[in-house]
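Taking it in order: structure first as structure tokens, then the write-up.
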Amino acid sequence: MSSGDGATVRLHPATEETDRTVAGFGWRSKRAAEGGLRAETPDELIKLVVDYLKQETLTPLSGLGKFLIFGITGSIALALGVILLLLAVLRVLQTETGAFHGNLSWIPYLIVTVLAGGIIALAAWRVGRGPAERRRPEPETGGR
């Protein structure tokens with residue numbers, strides 16, 4: 001069977017000679033290349049649709065799930081490491097230095113708080129300068 005644009009469409013294994021590429025996009029699925037995308041009965045059509053939905057939804061979601069698990073695990077590990085390092089800095093300032101006794105005992109807490117704020121600011125700056133910066137649209141500069 002020939003369509004209006006001159007490409008042939010294979011509707012059944014016994015008809016015509018080739019499958020055409022999908023709407024001129026120049027790509028074919030693996031099953032289309034093997035001739036497996038023709039449904040002869042309603043049951044086959046339902047199976048074809050279910051297989052397609054699995055391919056286009058479940059497979060990408062499983063990859064996303066792995067990405068999220070590794071990302072969340074890494075974030076938790078990094079957060080715990082930073083908290084332990086800040087606690088270590090606080091303990092060093094309190095016990096190993098002789099300058100923060102009496103009325104000055106609050107200064108190590110202030111130093112660690114400022115250090116934690118610097119780490120948070122650095123993280124926020126890097127998030128804004130990473131992939132988010134490349135996706136942000138350029139501001140329009142008019143001659144007005």
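Letters A, B, ... go to the chains of the structure tokens in the order shown; residues in each chain start at 1; ligands are counted from 1 in the same order.
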Task: range 93-98 of chain A environment, 8 Å, only C-alpha atoms, sequence neighbours closer than 4 positions dropped, as a PyMOL selection string - done: chain A and resi 89+105+108
Determine which residues of range 55-118 of chain A DSSP labels as alpha helix (DSSP H) from the backbone of this structure, then write them out as a CSV table (one decimal) with N, CA and C atoms, in the first residue's frame.
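The new file result20.csv reads:
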```csv
chain,number,residue,atom,x,y,z
A,59,THR,N,10.7,2.0,32.0
A,59,THR,CA,12.1,2.0,31.8
A,59,THR,C,12.8,3.3,32.2
A,60,PRO,N,12.3,4.5,31.8
A,60,PRO,CA,12.9,5.7,32.2
A,60,PRO,C,12.7,6.0,33.7
A,61,LEU,N,11.5,5.5,34.3
A,61,LEU,CA,11.3,5.7,35.7
A,61,LEU,C,12.3,4.8,36.5
A,62,SER,N,12.7,3.7,36.1
A,62,SER,CA,13.6,2.9,36.8
A,62,SER,C,15.0,3.6,36.8
A,63,GLY,N,15.4,4.2,35.7
A,63,GLY,CA,16.6,4.9,35.7
A,63,GLY,C,16.5,6.1,36.6
A,64,LEU,N,15.4,6.8,36.6
A,64,LEU,CA,15.2,7.9,37.5
A,64,LEU,C,15.3,7.5,38.9
A,65,GLY,N,14.7,6.4,39.3
A,65,GLY,CA,14.8,5.8,40.6
A,65,GLY,C,16.2,5.6,41.1
A,66,LYS,N,17.0,5.0,40.3
A,66,LYS,CA,18.4,4.8,40.6
A,66,LYS,C,19.1,6.1,40.8
A,67,PHE,N,18.9,7.1,39.9
A,67,PHE,CA,19.5,8.4,40.0
A,67,PHE,C,19.1,9.1,41.3
A,68,LEU,N,17.8,9.0,41.7
A,68,LEU,CA,17.3,9.6,42.9
A,68,LEU,C,17.9,8.9,44.2
A,69,ILE,N,18.0,7.6,44.2
A,69,ILE,CA,18.6,6.9,45.3
A,69,ILE,C,20.0,7.3,45.5
A,70,PHE,N,20.8,7.3,44.5
A,70,PHE,CA,22.2,7.7,44.6
A,70,PHE,C,22.3,9.2,45.0
A,71,GLY,N,21.5,10.0,44.5
A,71,GLY,CA,21.5,11.4,44.8
A,71,GLY,C,21.1,11.7,46.3
A,72,ILE,N,20.1,11.1,46.7
A,72,ILE,CA,19.6,11.3,48.1
A,72,ILE,C,20.7,10.7,49.1
A,73,THR,N,21.2,9.5,48.8
A,73,THR,CA,22.2,8.9,49.6
A,73,THR,C,23.4,9.8,49.7
A,74,GLY,N,23.9,10.3,48.6
A,74,GLY,CA,25.0,11.2,48.6
A,74,GLY,C,24.8,12.4,49.3
A,75,SER,N,23.6,13.0,49.2
A,75,SER,CA,23.3,14.2,49.9
A,75,SER,C,23.3,14.0,51.4
A,76,ILE,N,22.7,12.9,51.9
A,76,ILE,CA,22.7,12.6,53.3
A,76,ILE,C,24.1,12.4,53.8
A,77,ALA,N,24.9,11.6,53.1
A,77,ALA,CA,26.3,11.4,53.5
A,77,ALA,C,27.1,12.7,53.6
A,78,LEU,N,26.9,13.6,52.6
A,78,LEU,CA,27.6,14.8,52.6
A,78,LEU,C,27.2,15.7,53.7
A,79,ALA,N,25.9,15.8,54.0
A,79,ALA,CA,25.3,16.6,55.1
A,79,ALA,C,25.9,16.1,56.4
A,80,LEU,N,25.9,14.8,56.6
A,80,LEU,CA,26.4,14.2,57.9
A,80,LEU,C,27.9,14.5,58.0
A,81,GLY,N,28.6,14.4,57.0
A,81,GLY,CA,30.1,14.7,57.0
A,81,GLY,C,30.3,16.2,57.4
A,82,VAL,N,29.6,17.1,56.8
A,82,VAL,CA,29.7,18.5,57.1
A,82,VAL,C,29.4,18.8,58.5
A,83,ILE,N,28.3,18.2,59.0
A,83,ILE,CA,27.9,18.4,60.4
A,83,ILE,C,28.9,17.9,61.4
A,84,LEU,N,29.5,16.7,61.1
A,84,LEU,CA,30.6,16.2,61.9
A,84,LEU,C,31.8,17.1,61.9
A,85,LEU,N,32.2,17.6,60.7
A,85,LEU,CA,33.3,18.5,60.6
A,85,LEU,C,33.1,19.8,61.4
A,86,LEU,N,31.9,20.4,61.3
A,86,LEU,CA,31.5,21.6,62.1
A,86,LEU,C,31.6,21.3,63.6
A,87,LEU,N,31.1,20.2,64.0
A,87,LEU,CA,31.2,19.8,65.4
A,87,LEU,C,32.6,19.6,65.9
A,88,ALA,N,33.4,19.0,65.0
A,88,ALA,CA,34.9,18.9,65.3
A,88,ALA,C,35.5,20.3,65.5
A,89,VAL,N,35.2,21.2,64.6
A,89,VAL,CA,35.8,22.5,64.7
A,89,VAL,C,35.3,23.2,66.0
A,90,LEU,N,34.1,23.0,66.4
A,90,LEU,CA,33.6,23.6,67.6
A,90,LEU,C,34.3,23.0,68.8
A,91,ARG,N,34.5,21.7,68.8
A,91,ARG,CA,35.2,21.0,69.9
A,91,ARG,C,36.7,21.5,70.0
A,92,VAL,N,37.3,21.6,68.8
A,92,VAL,CA,38.7,22.1,68.8
A,92,VAL,C,38.8,23.5,69.4
A,93,LEU,N,37.9,24.4,69.0
A,93,LEU,CA,37.9,25.7,69.5
A,93,LEU,C,37.6,25.8,71.0
A,94,GLN,N,36.8,24.9,71.5
A,94,GLN,CA,36.4,24.9,72.9
A,94,GLN,C,37.5,24.3,73.8
A,95,THR,N,38.2,23.3,73.3
A,95,THR,CA,39.1,22.5,74.2
A,95,THR,C,40.5,22.8,74.0
A,107,ILE,N,31.9,32.6,71.8
A,107,ILE,CA,32.6,32.9,70.5
A,107,ILE,C,32.8,31.7,69.6
A,108,PRO,N,33.2,30.5,70.1
A,108,PRO,CA,33.3,29.3,69.3
A,108,PRO,C,32.0,29.0,68.5
A,109,TYR,N,30.9,29.2,69.2
A,109,TYR,CA,29.6,28.9,68.6
A,109,TYR,C,29.3,29.9,67.5
A,110,LEU,N,29.7,31.2,67.7
A,110,LEU,CA,29.6,32.2,66.6
A,110,LEU,C,30.5,31.8,65.4
A,111,ILE,N,31.7,31.4,65.7
A,111,ILE,CA,32.6,31.1,64.6
A,111,ILE,C,32.1,29.9,63.8
A,112,VAL,N,31.6,28.9,64.5
A,112,VAL,CA,31.1,27.7,63.7
A,112,VAL,C,29.8,28.1,63.0
A,113,THR,N,28.9,28.9,63.6
A,113,THR,CA,27.7,29.4,62.9
A,113,THR,C,28.1,30.1,61.6
A,114,VAL,N,29.1,31.0,61.7
A,114,VAL,CA,29.5,31.8,60.5
A,114,VAL,C,30.1,30.8,59.5
A,115,LEU,N,30.9,29.9,59.9
A,115,LEU,CA,31.4,28.9,59.0
A,115,LEU,C,30.3,28.1,58.3
A,116,ALA,N,29.3,27.6,59.1
A,116,ALA,CA,28.2,26.9,58.5
A,116,ALA,C,27.4,27.8,57.5
A,117,GLY,N,27.2,29.0,57.8
A,117,GLY,CA,26.6,30.0,56.9
A,117,GLY,C,27.4,30.1,55.6
A,118,GLY,N,28.7,30.2,55.7
A,118,GLY,CA,29.6,30.2,54.5
A,118,GLY,C,29.4,29.0,53.6
```
